[in-house]
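Q: First the structure, which I've put down as structure tokens, then a few questions once you've had a look.
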Amino acid sequence: MSPQTPSDQAVVRTGGQLAARHGWLQALLAVLAGLIVMGVVAALGLWAAGAADLPDNAFPRVVAATVVTAVGGTIELSGDAGATADTKAGLTVIPLSVTLAGALVLAACFLRPLRHRAVAGAIELAGWAARIAVLWLLALVAIAFFARQKFSISLGDGTIGDIGDLFGATPKVGFTTDVPPTLVFGVLWLVGVLALALMVSRGAPLPPRLLRFQESVRPAAYAMVALLLAYVVLGVVIALVVAATRGHTAETFAVILLGLPNLVWLAFTLGLGATWTGRVDGPFGLPMPHLLDEVLRTPDISTLNLRTLADLDGKVWWLLVVDAVLLLAAAFLMAVRSPARMRLWQHAVHMAVALVLTVLMICLVGRISAHYGLSILGIGDIGGGLSGELFLHPKLWTALGFAVLWGLVTGFLGGLLAKGVHRRGRISAEEPGVRAQDRS
């Protein structure tokens with residue numbers, strides 16, 4: 001057997017280090033870190049919302065259900081009020097604060113072993129992601145089976161309560177996890193997070209076949225993530241100021257820890273010109289400013305956009321100004337991180353495509369739908385607080401159309417502003433020894 005050269009030994013040592021950095025233990029730590037952060041954020045938010053007082057020690061299971069919904073899982077509501085009563089309920093909402101916290105931690109853990117690398121093979125990246133995915137899937141199974149509970153509902157002291165006591169109707173409502181869809185959407189969510197992490201990070205290695213796409217994809221993806229996080233930070237600052245000046249501290253922290261991105265990203269789309277439709281009826285309420293609840297709490301389906309909000313408060317036009325400033329900043333950031341040879345029309349197109357995908361994501365994950373109804377001998381469907389409905393849906397094509405327009409304009413202007421900034425890829429034509437074909 002021929003002795004190994006020093007370079008061969010270096011390769012062996014490097015391979016061993018890579019295997020250690022991509023092992024099952026590291027994958028387990030990444031999954032645990034993501035789930036722990038999501039659980040802590042969800043628990044603090046629910047505690048601030050008063051869920052710690054739920055009966056039958058249900059709080060841990062409600063936290064688990066919140067984590068399930070945060071990764072796209074499905075929670076089914078069930079009702080049981082005996083033979084003389086009928087119940088119906090449904091809930092669709094994603095607590096995006098919990099989602100965002102888990103995504104940031106998982107992305108950081110996924111990228112950490114890949115730092116200081118220029119190129120990574122597709123098999124290596126797939127193997128590292130597969131280890132995380134397998135453990136993530138097992139963890140989701142455990143959480144999904146844990147997230148189930150039933151609660152008794154008081155009918156009150158009125159007529160409905162007397163009828164319920166007479167016929168022995170004790171309404172109960174509970175929730176269970178629909179396991180197969182939860183596992184499917186949970187894994188898809190993980191794949192999306194890991195793929196976005198590779199697209200956003202300039203230092204993350206890519207397979208050689210994908211290197212040609214990084215100049216157009218990575219700057220735009222980074223700019224969109226920075227834009228969304230900027231809105232979240234701005235929302236946190238505003239929420240803290242409101243809590244300090246107007247009180248309602250617990251409710252404010254519940255919104256911050258559970259649904260702040262739901263609110264600020266909705267405001268972002270409204271500033272672009274998008275229209276949402278919705279309705280609030282019965283005991284339900286939206287975790288958002290009173291102004292939005294006032295617009296939506298009408299007998300018929302309401303339209304939510306800048307015009308309808310401005311009819312009640314003219315200050316909402318500032319959303320348009322905030323969108324313009326932050327979108328222009330994002331376009332400038334994208335242009336600065338792009339090669340200098342990129343043309344203005346390319347900046348405009350890249351910004352438009354990135355913004356359309358971002359708005360599409362917001363429209364898909366920002367939908368809210370909830371309903372509950374209780375009837376005893378046909379009584380109770382109306383009044384008495386025994387039924388309610390809440391939903392908020394976007395007019396998708398309108399939102400995407402405005403995203404295209406804003407993306408083209410701000411992408412072009414951002415490219416113009418970045419012209420005077422030194423960027424990689426620029427070569428001075430006066431430099432000696434530079435060939436004509438090397439100038440870009």
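How things are named: the first chain in the structure tokens is A, the next is B, and so on; residues count from 1 in each chain; ligands count from 1 in the order shown.
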Any idea what's packed within 7 Å of Val316 (chain A), counting only C-alpha atoms, ignoring anything in its chain fewer than 4 positions away? Could you give it as a list in words?
A: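 Here the qualifying residues turn out to be Leu306, Leu309 and Ala310 of chain A.
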Q: For the residues in that selection, give me C-alpha atoms as a PDB file, in the first residue's frame.
A:
ATOM      1  CA  LEU A 306     -56.352  52.154   1.978  1.00  0.00           C
ATOM      2  CA  LEU A 309     -59.419  52.701   6.144  1.00  0.00           C
ATOM      3  CA  ALA A 310     -58.827  56.350   5.235  1.00  0.00           C
TER       4      ALA A 310
END
Q: Write out, as CSV, each residue of region 252-351 of chain A that has an atom at most 8 Å from region 214-233 of chain A, together with the closest pair of atoms and their distance in Å to one decimal, counting only C-alpha atoms, rows going by chain and rising number.
A:
residue,atom,partner,partner_atom,distance
A:Leu260,CA,A:Val232,CA,7.0
A:Pro261,CA,A:Val232,CA,5.9
A:Val264,CA,A:Tyr231,CA,6.1
A:Trp265,CA,A:Tyr231,CA,7.1
A:Phe268,CA,A:Tyr231,CA,7.8
A:Leu326,CA,A:Leu227,CA,6.8
A:Leu327,CA,A:Leu227,CA,7.2
A:Ala330,CA,A:Ala223,CA,5.1
A:Ala331,CA,A:Ala223,CA,7.0
A:Leu333,CA,A:Ala223,CA,6.1
A:Met334,CA,A:Pro219,CA,4.8
A:Ala335,CA,A:Pro219,CA,7.3
A:Arg337,CA,A:Pro219,CA,5.5
A:Ser338,CA,A:Pro219,CA,5.9
A:Pro339,CA,A:Glu215,CA,6.8
A:His350,CA,A:Ala220,CA,6.5
A:Met351,CA,A:Ala220,CA,6.4
Q: To one decimal in Å, tell me the separation between CA of Ala107 (chain A) and CA of Gly127 (chain A).
A: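 Rounded to one decimal, the two atoms are 15.8 Å apart.
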Q: Just checking: using only C-alpha atoms, which residue out of A:Ile132, A:Ala142, A:Leu234, A:Leu114 ends up closest to Leu206 (chain A)?
A: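 Nearest to Leu206 (chain A): A:Leu114.
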Q: Within 12 Å of region 19-42 of chain A, which residues of region 217-287 of chain A come that close, and what is the closest atom pair and distance in Å for each? Count only C-alpha atoms and give it as a tab-separated table.
A:
residue	atom	partner	partner_atom	distance
A:Phe253	CA	A:Val41	CA	10.6
A:Ala254	CA	A:Ala42	CA	9.1
A:Val255	CA	A:Ala42	CA	10.8
A:Ile256	CA	A:Val41	CA	9.6
A:Leu257	CA	A:Val41	CA	5.9
A:Leu258	CA	A:Ala42	CA	6.4
A:Gly259	CA	A:Ala42	CA	10.0
Q: Run DSSP on the backbone and tell me which residues of region 26-123 of chain A come out as strand (DSSP E or B); list them as a list in words.
A: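 Assigned to strand (DSSP E or B), within region 26-123 of chain A: Thr74, Ile75, Glu76, Leu77, Ser78, Gly79, Asp80, Ala85, Asp86, Thr87, Lys88, Ala89, Gly90, Leu91, Thr92 and Val119 of chain A.
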Q: Which of these, A:Ala329, A:Val356, A:Ala49, A:Ala244, has the shortest distance to Thr398 (chain A) once you count only C-alpha atoms?
A: A:Val356
Q: Please determine, counting only C-alpha atoms, which residue among A:Ala64, A:Leu263, A:Ala108, A:Val280 has the shortest atom-to-atom distance to Ser369 (chain A).
A: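 Under the stated criterion, the closest residue is A:Val280.
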Q: Could you check how far CA of Phe332 (chain A) sits from CA of Leu360 (chain A), in Å to one decimal?
A: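 So the answer is 21.9 Å.
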Q: Pick out the closest residue to Ala120 (chain A) from this set: A:Arg61, A:Arg209, A:His290, A:Arg367. Count only C-alpha atoms.
A: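 Comparing A:Arg61, A:Arg209, A:His290, A:Arg367 against Ala120 (chain A), the winner is A:Arg209.
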Q: For the atom pair CA of Phe175 (chain A) and CA of Arg148 (chain A), what is the interatomic distance in Å to one decimal place?
A: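 About the pair CA of Phe175 (chain A) and CA of Arg148 (chain A): they are 5.3 Å apart.
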Q: For each of A:Val404, A:Thr308, A:Asp293, A:Gln149, take the minimum atom-to-atom distance to Asp56 (chain A), counting only C-alpha atoms, then give the residue where this is smallest.
A: A:Gln149
Q: For each of A:Leu408, A:Ala65, A:Cys363, A:Met199, take the minimum atom-to-atom distance to Ala43 (chain A), counting only C-alpha atoms, then give the residue where this is smallest.
A: A:Ala65
Q: Taking the DSSP assignment computed from this structure's backbone, write out as a PyMOL selection string all residues of region 307-418 of chain A that belong to helix (DSSP H, G or I).
A: chain A and resi 307-310+314-337+344-365+396-418
Q: Extract, using only C-alpha atoms, all DNA, RNA and protein residues at most 8 Å from Ala348 (chain A), discarding same-chain residues fewer than 5 positions from it, and format them as a PyMOL selection string.
A: chain A and resi 407-412+415
